[in-house]
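Participant: For reference, this is input.cif, and it has mmCIF, C-alpha atoms.
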data_work
#
loop_
_atom_site.label_atom_id
_atom_site.label_comp_id
_atom_site.auth_asym_id
_atom_site.auth_seq_id
_atom_site.Cartn_x
_atom_site.Cartn_y
_atom_site.Cartn_z
CA MET A 1 15.16 -126.97 118.81
CA ALA A 2 11.75 -128.34 119.75
CA GLN A 3 13.45 -131.22 121.57
CA GLU A 4 15.62 -128.76 123.53
CA LEU A 5 12.59 -126.68 124.53
CA ARG A 6 10.71 -129.84 125.50
CA MET A 7 13.59 -131.05 127.64
CA THR A 8 13.94 -127.62 129.24
CA PHE A 9 10.24 -127.62 130.11
CA LEU A 10 10.47 -131.12 131.56
CA GLU A 11 13.50 -130.12 133.57
CA HIS A 12 11.51 -127.23 135.03
CA LEU A 13 8.69 -129.60 135.98
CA GLU A 14 11.19 -131.95 137.63
CA GLU A 15 12.70 -129.05 139.59
CA LEU A 16 9.23 -127.91 140.67
CA ARG A 17 8.36 -131.45 141.75
CA ARG A 18 11.57 -131.64 143.77
CA ARG A 19 10.95 -128.30 145.54
CA VAL A 20 7.35 -129.21 146.35
CA GLY A 21 8.54 -132.56 147.66
CA TYR A 22 11.03 -130.95 150.03
CA SER A 23 8.34 -128.58 151.30
CA LEU A 24 5.88 -131.43 151.81
CA VAL A 25 8.41 -133.50 153.76
CA ALA A 26 9.15 -130.51 156.01
CA PHE A 27 5.42 -129.99 156.62
CA ILE A 28 4.83 -133.65 157.51
CA VAL A 29 7.76 -133.75 159.93
CA VAL A 30 6.73 -130.54 161.69
CA PHE A 31 3.06 -131.61 161.80
CA PHE A 32 4.02 -134.91 163.45
CA LEU A 33 6.13 -133.14 166.06
CA VAL A 34 3.52 -130.47 166.76
CA TYR A 35 0.65 -132.93 167.04
CA THR A 36 2.39 -135.51 169.22
CA MET A 37 4.39 -133.23 171.50
CA SER A 38 3.62 -130.98 174.43
CA ILE A 39 5.59 -127.96 175.63
CA ARG A 40 6.71 -128.57 179.20
CA GLU A 41 8.45 -126.27 181.64
CA GLY A 42 11.37 -127.35 183.76
CA GLU A 43 14.46 -126.12 185.54
CA LEU A 44 18.07 -126.59 184.51
CA TRP A 45 20.93 -125.22 186.63
CA GLY A 46 18.52 -122.80 188.31
CA MET A 47 17.15 -121.50 185.01
CA ARG A 48 13.65 -122.01 183.65
CA VAL A 49 13.71 -123.99 180.40
CA PHE A 50 11.04 -125.24 178.00
CA TYR A 51 11.22 -128.56 176.23
CA LEU A 52 9.09 -130.90 174.11
CA TRP A 53 7.62 -134.02 175.67
CA PRO A 54 5.47 -136.71 174.00
CA ASP A 55 1.81 -136.06 174.80
CA PHE A 56 -0.92 -136.81 172.27
CA TYR A 57 -3.78 -135.19 174.20
CA ASP A 58 -2.29 -132.10 175.81
CA ASN A 59 -0.30 -131.38 172.64
CA VAL A 60 0.99 -128.07 171.29
CA PRO A 61 -2.24 -127.22 169.38
CA ALA A 62 -4.33 -127.87 172.50
CA GLN A 63 -2.01 -125.65 174.55
CA LEU A 64 -2.15 -122.89 171.92
CA PHE A 65 -5.95 -123.10 171.78
CA GLU A 66 -6.07 -122.62 175.54
CA VAL A 67 -3.95 -119.48 175.13
CA PHE A 68 -6.36 -118.22 172.45
CA ARG A 69 -9.33 -118.90 174.71
CA SER A 70 -7.73 -117.19 177.71
CA ASP A 71 -6.52 -114.13 175.79
CA LEU A 72 -9.34 -113.49 173.33
CA LEU A 73 -12.60 -114.95 174.56
CA PRO A 74 -14.71 -112.93 177.05
CA PRO A 75 -14.79 -114.77 180.41
CA ASP A 76 -18.54 -115.50 180.38
CA VAL A 77 -18.59 -117.02 176.87
CA VAL A 78 -19.03 -120.81 176.74
CA LEU A 79 -17.28 -122.89 174.07
CA LEU A 80 -19.41 -125.67 172.56
CA ASN A 81 -18.37 -128.95 170.97
CA ILE A 82 -21.57 -129.15 168.93
CA GLN A 83 -20.95 -132.11 166.64
CA GLY A 84 -18.78 -134.15 168.97
CA ILE A 85 -15.90 -134.29 166.50
CA ASP A 86 -15.47 -130.51 166.42
CA ALA A 87 -12.81 -130.47 169.15
CA LEU A 88 -10.73 -133.07 167.28
CA LEU A 89 -11.06 -131.15 164.00
CA VAL A 90 -9.99 -127.93 165.73
CA ASP A 91 -6.94 -129.71 167.14
CA VAL A 92 -5.96 -130.99 163.69
CA LYS A 93 -6.64 -127.65 161.94
CA LEU A 94 -4.59 -125.75 164.50
CA ALA A 95 -1.76 -128.26 164.12
CA MET A 96 -1.84 -127.70 160.34
CA PHE A 97 -1.92 -123.93 160.81
CA LEU A 98 1.08 -124.10 163.14
CA SER A 99 2.95 -126.41 160.80
CA VAL A 100 2.45 -124.08 157.84
CA ALA A 101 3.58 -121.10 159.93
CA LEU A 102 6.70 -122.90 161.18
CA CYS A 103 7.53 -124.18 157.69
CA THR A 104 7.17 -120.78 156.03
CA PRO A 105 10.97 -120.24 155.89
CA VAL A 106 11.33 -123.63 154.18
CA PHE A 107 8.53 -122.83 151.72
CA ALA A 108 10.05 -119.43 150.95
CA TRP A 109 13.52 -120.91 150.47
CA GLN A 110 12.27 -123.61 148.12
CA ALA A 111 10.22 -121.07 146.14
CA ALA A 112 13.28 -118.83 145.87
CA LYS A 113 15.46 -121.71 144.67
CA PHE A 114 12.92 -122.36 141.92
CA LEU A 115 12.15 -118.78 140.86
CA VAL A 116 15.33 -116.77 141.42
CA PRO A 117 17.34 -118.29 138.53
CA ALA A 118 14.74 -116.88 136.11
CA LEU A 119 15.09 -113.30 137.43
CA TYR A 120 17.48 -110.54 136.38
CA PRO A 121 20.08 -109.43 138.96
CA HIS A 122 18.30 -106.11 139.67
CA GLU A 123 15.00 -107.96 140.18
CA ARG A 124 16.67 -110.34 142.62
CA GLY A 125 18.10 -107.39 144.54
CA PHE A 126 14.73 -105.66 144.76
CA ILE A 127 12.95 -108.80 145.98
CA ALA A 128 15.70 -109.48 148.52
CA LYS A 129 15.20 -106.00 149.97
CA LEU A 130 11.47 -106.68 150.39
CA VAL A 131 11.79 -109.98 152.26
CA LEU A 132 12.58 -108.55 155.71
CA PRO A 133 10.03 -105.66 155.57
CA ALA A 134 7.33 -108.00 154.26
CA THR A 135 7.99 -110.49 157.07
CA LEU A 136 8.02 -107.82 159.78
CA LEU A 137 4.84 -106.18 158.46
CA PHE A 138 2.99 -109.50 158.36
CA VAL A 139 4.03 -110.29 161.93
CA LEU A 140 3.07 -106.76 163.02
CA GLY A 141 -0.36 -107.14 161.44
CA ALA A 142 -0.91 -110.51 163.09
CA VAL A 143 0.13 -109.12 166.49
CA PHE A 144 -2.14 -106.08 166.04
CA SER A 145 -5.07 -108.36 165.27
CA TYR A 146 -4.36 -110.62 168.25
CA LEU A 147 -3.65 -107.96 170.87
CA VAL A 148 -5.90 -105.08 169.78
CA PHE A 149 -8.59 -105.82 167.21
CA THR A 150 -9.81 -109.33 168.03
CA PRO A 151 -10.34 -108.85 171.81
CA ILE A 152 -12.29 -105.61 171.23
CA ALA A 153 -14.34 -107.14 168.42
CA MET A 154 -15.13 -110.24 170.51
CA ASP A 155 -16.34 -108.16 173.45
CA PHE A 156 -18.49 -106.02 171.19
CA PHE A 157 -20.13 -108.82 169.21
CA PHE A 158 -20.93 -110.92 172.27
CA SER A 159 -22.47 -107.90 174.00
CA PHE A 160 -25.56 -108.43 171.82
CA SER A 161 -26.27 -111.86 173.29
CA ASP A 162 -28.23 -110.51 176.28
CA GLN A 163 -30.20 -108.11 174.08
CA LEU A 164 -31.33 -110.92 171.80
CA GLY A 165 -31.77 -113.50 174.55
CA VAL A 166 -29.22 -115.84 172.99
CA GLY A 167 -27.19 -118.20 175.15
CA ILE A 168 -27.47 -120.78 177.90
CA PRO A 169 -28.52 -120.13 181.52
CA ASP A 170 -25.69 -119.30 183.89
CA PRO A 171 -25.57 -121.99 186.64
CA ALA A 172 -24.79 -119.31 189.23
CA ASP A 173 -27.58 -117.00 188.01
CA PRO A 174 -30.27 -118.68 185.83
CA THR A 175 -31.68 -115.26 184.89
CA HIS A 176 -28.44 -114.44 183.11
CA LEU A 177 -27.68 -116.01 179.74
CA GLN A 178 -24.12 -116.91 178.89
CA PRO A 179 -23.22 -116.37 175.23
CA THR A 180 -21.87 -119.37 173.36
CA ILE A 181 -19.69 -120.07 170.34
CA ALA A 182 -18.66 -123.31 168.65
CA VAL A 183 -14.99 -124.22 169.01
CA GLY A 184 -14.64 -124.40 165.22
CA SER A 185 -16.17 -120.96 164.71
CA PHE A 186 -13.90 -119.47 167.37
CA LEU A 187 -10.74 -120.89 165.79
CA SER A 188 -11.88 -119.83 162.30
CA TRP A 189 -12.49 -116.27 163.49
CA VAL A 190 -9.11 -115.99 165.22
CA THR A 191 -7.07 -117.44 162.35
CA LEU A 192 -9.00 -115.45 159.73
CA MET A 193 -8.40 -112.16 161.52
CA VAL A 194 -4.72 -112.92 162.14
CA LEU A 195 -4.14 -113.82 158.49
CA ALA A 196 -6.29 -110.95 157.20
CA PHE A 197 -4.45 -108.29 159.18
CA GLY A 198 -1.12 -109.89 158.28
CA VAL A 199 -1.99 -109.51 154.60
CA ILE A 200 -3.44 -106.01 155.08
CA PHE A 201 -0.20 -104.84 156.68
CA GLU A 202 1.62 -105.89 153.50
CA LEU A 203 0.08 -102.86 151.73
CA PRO A 204 3.33 -100.80 151.63
CA VAL A 205 5.18 -103.75 150.09
CA PHE A 206 2.47 -104.15 147.46
CA MET A 207 2.59 -100.44 146.64
CA ALA A 208 6.39 -100.53 146.38
CA GLY A 209 6.18 -103.44 143.95
CA ILE A 210 3.59 -101.68 141.78
CA SER A 211 5.73 -98.53 141.69
CA TYR A 212 8.85 -100.57 140.88
CA LEU A 213 7.05 -101.97 137.84
CA GLY A 214 6.19 -98.42 136.79
CA LEU A 215 2.41 -98.97 136.93
CA VAL A 216 1.65 -96.28 139.53
CA SER A 217 3.92 -93.40 140.57
CA ALA A 218 4.33 -92.09 144.10
CA ARG A 219 2.44 -88.96 143.02
CA GLY A 220 -0.38 -91.15 141.75
CA TRP A 221 -0.59 -92.97 145.07
CA TYR A 222 -0.60 -89.67 146.96
CA ASN A 223 -3.29 -88.13 144.76
CA GLY A 224 -5.54 -91.09 145.50
CA TRP A 225 -5.39 -90.82 149.29
CA ARG A 226 -9.00 -89.55 149.56
CA TYR A 227 -10.34 -92.53 147.62
CA ALA A 228 -8.15 -94.85 149.66
CA LEU A 229 -9.50 -93.45 152.93
CA ILE A 230 -13.09 -93.94 151.76
CA ALA A 231 -12.25 -97.49 150.65
CA PHE A 232 -10.66 -98.30 154.01
CA LEU A 233 -13.69 -96.99 155.89
CA LEU A 234 -15.96 -99.11 153.72
CA ILE A 235 -13.80 -102.18 154.28
CA GLY A 236 -13.81 -101.53 158.03
CA GLY A 237 -17.59 -101.16 158.00
CA ILE A 238 -18.08 -104.39 156.05
CA ILE A 239 -15.90 -106.67 158.15
CA THR A 240 -16.83 -105.02 161.46
CA PRO A 241 -20.54 -104.12 161.49
CA ASP A 242 -20.21 -101.97 164.61
CA ALA A 243 -22.83 -99.25 165.00
CA SER A 244 -20.48 -97.18 167.17
CA GLY A 245 -17.79 -97.11 164.48
CA LEU A 246 -15.04 -98.06 166.96
CA THR A 247 -13.98 -101.34 165.34
CA GLN A 248 -14.41 -99.75 161.91
CA LEU A 249 -11.81 -97.15 162.84
CA LEU A 250 -9.55 -99.85 164.29
CA VAL A 251 -9.38 -101.25 160.75
CA ALA A 252 -9.45 -98.03 158.69
CA VAL A 253 -6.90 -95.95 160.62
CA PRO A 254 -4.02 -98.50 160.51
CA MET A 255 -4.77 -99.19 156.83
CA PHE A 256 -4.60 -95.48 156.01
CA GLY A 257 -1.34 -95.16 157.95
CA LEU A 258 0.07 -98.09 155.98
CA TYR A 259 -1.12 -96.46 152.75
CA MET A 260 0.74 -93.24 153.50
CA GLY A 261 3.78 -95.30 154.47
CA GLY A 262 3.47 -97.02 151.10
CA VAL A 263 3.49 -93.60 149.40
CA ALA A 264 6.79 -92.82 151.12
CA VAL A 265 8.27 -96.19 150.12
CA ALA A 266 7.12 -95.70 146.51
CA LEU A 267 8.88 -92.31 146.51
CA LEU A 268 12.10 -93.95 147.71
CA VAL A 269 11.80 -96.60 144.98
CA GLU A 270 11.46 -93.89 142.33
CA ARG A 271 14.50 -92.04 143.67
CA LYS A 272 16.57 -95.22 143.58
CA ASP A 273 15.49 -95.82 139.98
CA ARG A 274 16.46 -92.29 138.98
CA GLU A 275 19.84 -92.64 140.69
CA GLY A 276 20.41 -95.95 138.95
CA ALA A 277 19.46 -94.50 135.57
CA SER A 278 21.82 -91.54 136.01
#
Any chance you could give the structure as structure tokens?

Facilitator:
Amino acid sequence: MAQELRMTFLEHLEELRRRVGYSLVAFIVVFFLVYTMSIREGELWGMRVFYLWPDFYDNVPAQLFEVFRSDLLPPDVVLLNIQGIDALLVDVKLAMFLSVALCTPVFAWQAAKFLVPALYPHERGFIAKLVLPATLLFVLGAVFSYLVFTPIAMDFFFSFSDQLGVGIPDPADPTHLQPTIAVGSFLSWVTLMVLAFGVIFELPVFMAGISYLGLVSARGWYNGWRYALIAFLLIGGIITPDASGLTQLLVAVPMFGLYMGGVAVALLVERKDREGAS
């Protein structure tokens, strides 16, 4: 018996090693392609097409960083390569970030192949139903951060540069100081906000899972809406120290809307459980 349990445990370790190995190979392949290729635009039979072309310097991460800079950074802010190697590190970090994002389906598939055999059929069905909503909510949160929150927050925070006399003289007008930010700090801020809002938007999925386990009922979630609203306002105030309260509300209002959506989802989960039990 002990030998059987030992062999079963070793077999699980071997399966885990195999799944991690597949995921690592996928990451390395995608990282190599992302870091050594550039996205070019061409024309084929009168139609605009995009294709990959070898280019180590103007690679995909560099092109994506330029999009970030153009979309999110106020026009008068100057990016600084303070330590010389910062630009290279940003290029590598962004390539890794892109590779992880592109390999997420592979990671999820390998994790499912490892975990699903240990689940009951009803647990597999419940998790399968959450995959699409969880993915869409994460993408929605990331898009909200990129298009709404981050540009407003950037404009607000850099507006204090003139008040504090922080920046470098503008060549066109030496009396005006241009605010600055290190390239590494800029990338860290953008990726952190994108990931943070992606996770925050998973709140309804988290609430549905808790209700499915029977830990908190839909009524319990609803009764706690006042405390949730206060918590969301505090979270918004902590991560966005804006005296006007605008960016605080940009965080708190969507979170509260997601919370109430989670209450509705938890109610649907309870109804499904009651129907299944009857």

Participant: Would you list the residues near (10.4, -126.6, 135.2), meaning any protein, DNA or RNA residue with an atom at most 12 Å from that point in file coordinates, counting all atoms listed in the file, as a PDB file with C-alpha atoms, in the frame of the given file?

Facilitator:
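Done, and the output landed in result.pdb:
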ATOM      1  CA  LEU A   5      12.590-126.680 124.530  1.00  0.00           C
ATOM      2  CA  ARG A   6      10.710-129.840 125.500  1.00  0.00           C
ATOM      3  CA  MET A   7      13.590-131.050 127.640  1.00  0.00           C
ATOM      4  CA  THR A   8      13.940-127.620 129.240  1.00  0.00           C
ATOM      5  CA  PHE A   9      10.240-127.620 130.110  1.00  0.00           C
ATOM      6  CA  LEU A  10      10.470-131.120 131.560  1.00  0.00           C
ATOM      7  CA  GLU A  11      13.500-130.120 133.570  1.00  0.00           C
ATOM      8  CA  HIS A  12      11.510-127.230 135.030  1.00  0.00           C
ATOM      9  CA  LEU A  13       8.690-129.600 135.980  1.00  0.00           C
ATOM     10  CA  GLU A  14      11.190-131.950 137.630  1.00  0.00           C
ATOM     11  CA  GLU A  15      12.700-129.050 139.590  1.00  0.00           C
ATOM     12  CA  LEU A  16       9.230-127.910 140.670  1.00  0.00           C
ATOM     13  CA  ARG A  17       8.360-131.450 141.750  1.00  0.00           C
ATOM     14  CA  ARG A  18      11.570-131.640 143.770  1.00  0.00           C
ATOM     15  CA  ARG A  19      10.950-128.300 145.540  1.00  0.00           C
ATOM     16  CA  VAL A  20       7.350-129.210 146.350  1.00  0.00           C
ATOM     17  CA  LYS A 113      15.460-121.710 144.670  1.00  0.00           C
ATOM     18  CA  PHE A 114      12.920-122.360 141.920  1.00  0.00           C
ATOM     19  CA  LEU A 115      12.150-118.780 140.860  1.00  0.00           C
ATOM     20  CA  PRO A 117      17.340-118.290 138.530  1.00  0.00           C
ATOM     21  CA  ALA A 118      14.740-116.880 136.110  1.00  0.00           C
TER      22      ALA A 118
END

Participant: What's the separation between atom CA of A:Leu94 and atom CA of A:Val166, in Å to one decimal place?

Facilitator: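 Atom CA of A:Leu94 sits 27.9 Å away from atom CA of A:Val166.
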
Participant: Sort by chain and increasing residue number a table of all residues of stretch 111-168 of chain A within 8 Å of stretch 189-208 of chain A, each with its closest pair of atoms and their distance in Å to one decimal, counting only C-alpha atoms, and write it as CSV.

Facilitator:
residue,atom,partner,partner_atom,distance
A:Leu130,CA,A:Val205,CA,6.9
A:Pro133,CA,A:Val205,CA,7.6
A:Ala134,CA,A:Glu202,CA,6.1
A:Leu137,CA,A:Phe201,CA,5.5
A:Phe138,CA,A:Gly198,CA,4.1
A:Val139,CA,A:Gly198,CA,6.3
A:Leu140,CA,A:Gly198,CA,7.1
A:Gly141,CA,A:Gly198,CA,4.3
A:Ala142,CA,A:Val194,CA,4.6
A:Val143,CA,A:Val194,CA,7.5
A:Phe144,CA,A:Phe197,CA,7.6
A:Ser145,CA,A:Val194,CA,5.5
A:Tyr146,CA,A:Val194,CA,6.5
A:Thr150,CA,A:Met193,CA,7.2

Participant: List the neighbours of A:Val183 out to 12 Å using all atoms listed in the file; skip same-chain residues closer than 6 positions along the sequence, and give me the result as a list of chain:residue names.

Facilitator: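 Here the qualifying residues turn out to be A:Ala62, A:Phe65, A:Glu66, A:Phe68, A:Arg69, A:Leu73, A:Val77, A:Val78, A:Leu79, A:Leu80, A:Asn81, A:Ile82, A:Gln83, A:Gly84, A:Ile85, A:Asp86, A:Ala87, A:Leu88, A:Leu89, A:Val90, A:Asp91, A:Lys93, A:Leu94, A:Trp189, A:Val190.
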
Participant: Run through the PyMOL selection byres ((chain A and resi 158) around 10) on the given coordinates and return the selected residues as an mmCIF file with C-alpha atoms, keeping the file's coordinate frame.

Facilitator:
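The new file selection-v8.cif reads:
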data_model
loop_
_atom_site.group_PDB
_atom_site.id
_atom_site.type_symbol
_atom_site.label_atom_id
_atom_site.label_comp_id
_atom_site.auth_asym_id
_atom_site.auth_seq_id
_atom_site.Cartn_x
_atom_site.Cartn_y
_atom_site.Cartn_z
ATOM 1 C CA LEU A 73 -12.600 -114.950 174.560
ATOM 2 C CA PRO A 74 -14.710 -112.930 177.050
ATOM 3 C CA ASP A 76 -18.540 -115.500 180.380
ATOM 4 C CA VAL A 77 -18.590 -117.020 176.870
ATOM 5 C CA ALA A 153 -14.340 -107.140 168.420
ATOM 6 C CA MET A 154 -15.130 -110.240 170.510
ATOM 7 C CA ASP A 155 -16.340 -108.160 173.450
ATOM 8 C CA PHE A 156 -18.490 -106.020 171.190
ATOM 9 C CA PHE A 157 -20.130 -108.820 169.210
ATOM 10 C CA SER A 159 -22.470 -107.900 174.000
ATOM 11 C CA PHE A 160 -25.560 -108.430 171.820
ATOM 12 C CA SER A 161 -26.270 -111.860 173.290
ATOM 13 C CA ASP A 162 -28.230 -110.510 176.280
ATOM 14 C CA GLN A 163 -30.200 -108.110 174.080
ATOM 15 C CA VAL A 166 -29.220 -115.840 172.990
ATOM 16 C CA GLN A 178 -24.120 -116.910 178.890
ATOM 17 C CA PRO A 179 -23.220 -116.370 175.230
ATOM 18 C CA THR A 180 -21.870 -119.370 173.360
ATOM 19 C CA ILE A 181 -19.690 -120.070 170.340
#

Participant: Please enumerate the residues selected by the PyMOL selection byres ((chain A and resi 265-274) around 12) when evaluated against the supplied file, formatted as a PyMOL selection string.

Facilitator: chain A and resi 122+126+129-130+133+203-222+258-264+275-278

Participant: Those same residues, written as a tab-separated table (two decimals), keeping the file's coordinate frame with C-alpha atoms?

Facilitator:
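Final output, saved to part_11.tsv:
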chain	number	residue	atom	x	y	z
A	122	HIS	CA	18.30	-106.11	139.67
A	126	PHE	CA	14.73	-105.66	144.76
A	129	LYS	CA	15.20	-106.00	149.97
A	130	LEU	CA	11.47	-106.68	150.39
A	133	PRO	CA	10.03	-105.66	155.57
A	203	LEU	CA	0.08	-102.86	151.73
A	204	PRO	CA	3.33	-100.80	151.63
A	205	VAL	CA	5.18	-103.75	150.09
A	206	PHE	CA	2.47	-104.15	147.46
A	207	MET	CA	2.59	-100.44	146.64
A	208	ALA	CA	6.39	-100.53	146.38
A	209	GLY	CA	6.18	-103.44	143.95
A	210	ILE	CA	3.59	-101.68	141.78
A	211	SER	CA	5.73	-98.53	141.69
A	212	TYR	CA	8.85	-100.57	140.88
A	213	LEU	CA	7.05	-101.97	137.84
A	214	GLY	CA	6.19	-98.42	136.79
A	215	LEU	CA	2.41	-98.97	136.93
A	216	VAL	CA	1.65	-96.28	139.53
A	217	SER	CA	3.92	-93.40	140.57
A	218	ALA	CA	4.33	-92.09	144.10
A	219	ARG	CA	2.44	-88.96	143.02
A	220	GLY	CA	-0.38	-91.15	141.75
A	221	TRP	CA	-0.59	-92.97	145.07
A	222	TYR	CA	-0.60	-89.67	146.96
A	258	LEU	CA	0.07	-98.09	155.98
A	259	TYR	CA	-1.12	-96.46	152.75
A	260	MET	CA	0.74	-93.24	153.50
A	261	GLY	CA	3.78	-95.30	154.47
A	262	GLY	CA	3.47	-97.02	151.10
A	263	VAL	CA	3.49	-93.60	149.40
A	264	ALA	CA	6.79	-92.82	151.12
A	275	GLU	CA	19.84	-92.64	140.69
A	276	GLY	CA	20.41	-95.95	138.95
A	277	ALA	CA	19.46	-94.50	135.57
A	278	SER	CA	21.82	-91.54	136.01

Participant: Go through A:Pro151, A:Tyr51, A:Ser70, A:Tyr22 and flag the residue nearest A:Ala108, using all atoms listed in the file for the distances.

Facilitator: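 Of A:Pro151, A:Tyr51, A:Ser70, A:Tyr22, the one nearest A:Ala108 is A:Tyr22, counting all atoms listed in the file.
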
Participant: Here's a test: counting all atoms listed in the file, identify every protein, DNA and RNA residue with an atom at most 9 Å from (7.0, -129.5, 163.2) in the file's coordinate frame, and state them as a list in words.

Facilitator: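 Using all atoms listed in the file, the matching residues come out as Ala26, Phe27, Ile28, Val29, Val30, Phe31, Phe32, Leu33, Val34, Tyr35, Ala95, Leu98, Ser99, Val100, Leu102 and Cys103 of chain A.
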
Participant: For the PyMOL selection byres ((chain A and resi 37) around 8), applied here, can you spell out every residue it catches as a JSON list (two decimals) with C-alpha atoms, in the coordinates of the input?

Facilitator:
[["chain", "number", "residue", "atom", "x", "y", "z"],
["A", 33, "LEU", "CA", 6.13, -133.14, 166.06],
["A", 34, "VAL", "CA", 3.52, -130.47, 166.76],
["A", 35, "TYR", "CA", 0.65, -132.93, 167.04],
["A", 36, "THR", "CA", 2.39, -135.51, 169.22],
["A", 38, "SER", "CA", 3.62, -130.98, 174.43],
["A", 39, "ILE", "CA", 5.59, -127.96, 175.63],
["A", 52, "LEU", "CA", 9.09, -130.90, 174.11],
["A", 53, "TRP", "CA", 7.62, -134.02, 175.67],
["A", 54, "PRO", "CA", 5.47, -136.71, 174.00],
["A", 55, "ASP", "CA", 1.81, -136.06, 174.80],
["A", 56, "PHE", "CA", -0.92, -136.81, 172.27],
["A", 59, "ASN", "CA", -0.30, -131.38, 172.64],
["A", 60, "VAL", "CA", 0.99, -128.07, 171.29]]

Participant: Grab the atom CA of A:Leu250 to atom CA of A:Phe149 distance for me, in Å with one decimal place.

Facilitator: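 Going from atom CA of A:Leu250 over to atom CA of A:Phe149 covers 6.7 Å.
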
Participant: Give the answer as one residue: which of A:Val148, A:His176, A:Gln63, A:Ala182 has the shortest atom-to-atom distance to A:Leu246, using all atoms listed in the file?

Facilitator: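 Looking at the shortest contact to A:Leu246, the residue is A:Val148.
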
Participant: Between atom CA of A:Phe256 and atom CA of A:Ile238, what is the spacing in Å?

Facilitator: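 Distance between the two atoms: 16.2 Å.
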
Participant: Between A:Met47, A:Asp173, A:Phe232, A:Asp58, which residue has the minimum interatomic distance to A:Gly257, considering all atoms listed in the file?

Facilitator: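 Among the listed residues, the smallest separation from A:Gly257 belongs to A:Phe232.
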
Participant: For A:Trp109, which residue among A:Ser188, A:Ser23, A:Asp170, A:Leu136 is the nearest when counting all atoms listed in the file?

Facilitator: A:Ser23

Participant: Which one is closest to A:Pro61: A:Leu187, A:Val251, A:Ala172, A:Ile239? Count all atoms listed in the file.

Facilitator: A:Leu187

Participant: To test the calculation: enclose all listed atoms of stretch 180-190 of chain A in a box whose edges run along x, y and z, add 8 Å on each side, then state centre and edge lengths in Å to one decimal, as JSON.

Facilitator:
{"center_x": -15.5, "center_y": -120.2, "center_z": 167.8, "size_x": 28.8, "size_y": 24.4, "size_z": 27.1}

Participant: N, CA and C atoms for stretch 181-196 of chain A, written as a PDB file, keeping the file's coordinate frame, could you do that?

Facilitator:
ATOM      1  N   ILE A 181     -20.278-120.021 171.674  1.00  0.00           N
ATOM      2  CA  ILE A 181     -19.690-120.070 170.340  1.00  0.00           C
ATOM      3  C   ILE A 181     -19.104-121.463 170.149  1.00  0.00           C
ATOM      4  N   ALA A 182     -19.238-122.001 168.950  1.00  0.00           N
ATOM      5  CA  ALA A 182     -18.660-123.310 168.650  1.00  0.00           C
ATOM      6  C   ALA A 182     -17.139-123.193 168.574  1.00  0.00           C
ATOM      7  N   VAL A 183     -16.457-124.253 168.993  1.00  0.00           N
ATOM      8  CA  VAL A 183     -14.990-124.220 169.010  1.00  0.00           C
ATOM      9  C   VAL A 183     -14.437-123.988 167.602  1.00  0.00           C
ATOM     10  N   GLY A 184     -15.088-124.576 166.596  1.00  0.00           N
ATOM     11  CA  GLY A 184     -14.640-124.400 165.220  1.00  0.00           C
ATOM     12  C   GLY A 184     -14.808-122.966 164.741  1.00  0.00           C
ATOM     13  N   SER A 185     -15.932-122.348 165.104  1.00  0.00           N
ATOM     14  CA  SER A 185     -16.170-120.960 164.710  1.00  0.00           C
ATOM     15  C   SER A 185     -15.177-120.022 165.392  1.00  0.00           C
ATOM     16  N   PHE A 186     -14.865-120.302 166.649  1.00  0.00           N
ATOM     17  CA  PHE A 186     -13.900-119.470 167.370  1.00  0.00           C
ATOM     18  C   PHE A 186     -12.523-119.536 166.720  1.00  0.00           C
ATOM     19  N   LEU A 187     -12.056-120.745 166.414  1.00  0.00           N
ATOM     20  CA  LEU A 187     -10.740-120.890 165.790  1.00  0.00           C
ATOM     21  C   LEU A 187     -10.731-120.239 164.399  1.00  0.00           C
ATOM     22  N   SER A 188     -11.814-120.423 163.640  1.00  0.00           N
ATOM     23  CA  SER A 188     -11.880-119.830 162.300  1.00  0.00           C
ATOM     24  C   SER A 188     -11.809-118.316 162.370  1.00  0.00           C
ATOM     25  N   TRP A 189     -12.506-117.722 163.341  1.00  0.00           N
ATOM     26  CA  TRP A 189     -12.490-116.270 163.490  1.00  0.00           C
ATOM     27  C   TRP A 189     -11.083-115.767 163.825  1.00  0.00           C
ATOM     28  N   VAL A 190     -10.439-116.431 164.784  1.00  0.00           N
ATOM     29  CA  VAL A 190      -9.110-115.990 165.220  1.00  0.00           C
ATOM     30  C   VAL A 190      -8.101-116.097 164.077  1.00  0.00           C
ATOM     31  N   THR A 191      -8.045-117.250 163.425  1.00  0.00           N
ATOM     32  CA  THR A 191      -7.070-117.440 162.350  1.00  0.00           C
ATOM     33  C   THR A 191      -7.361-116.534 161.164  1.00  0.00           C
ATOM     34  N   LEU A 192      -8.647-116.331 160.854  1.00  0.00           N
ATOM     35  CA  LEU A 192      -9.000-115.450 159.730  1.00  0.00           C
ATOM     36  C   LEU A 192      -8.555-114.023 159.999  1.00  0.00           C
ATOM     37  N   MET A 193      -8.785-113.526 161.203  1.00  0.00           N
ATOM     38  CA  MET A 193      -8.400-112.160 161.520  1.00  0.00           C
ATOM     39  C   MET A 193      -6.878-111.999 161.558  1.00  0.00           C
ATOM     40  N   VAL A 194      -6.185-112.994 162.103  1.00  0.00           N
ATOM     41  CA  VAL A 194      -4.720-112.920 162.140  1.00  0.00           C
ATOM     42  C   VAL A 194      -4.149-112.889 160.729  1.00  0.00           C
ATOM     43  N   LEU A 195      -4.635-113.777 159.870  1.00  0.00           N
ATOM     44  CA  LEU A 195      -4.140-113.820 158.490  1.00  0.00           C
ATOM     45  C   LEU A 195      -4.555-112.567 157.719  1.00  0.00           C
ATOM     46  N   ALA A 196      -5.803-112.114 157.921  1.00  0.00           N
ATOM     47  CA  ALA A 196      -6.290-110.950 157.200  1.00  0.00           C
ATOM     48  C   ALA A 196      -5.480-109.704 157.524  1.00  0.00           C
TER      49      ALA A 196
END
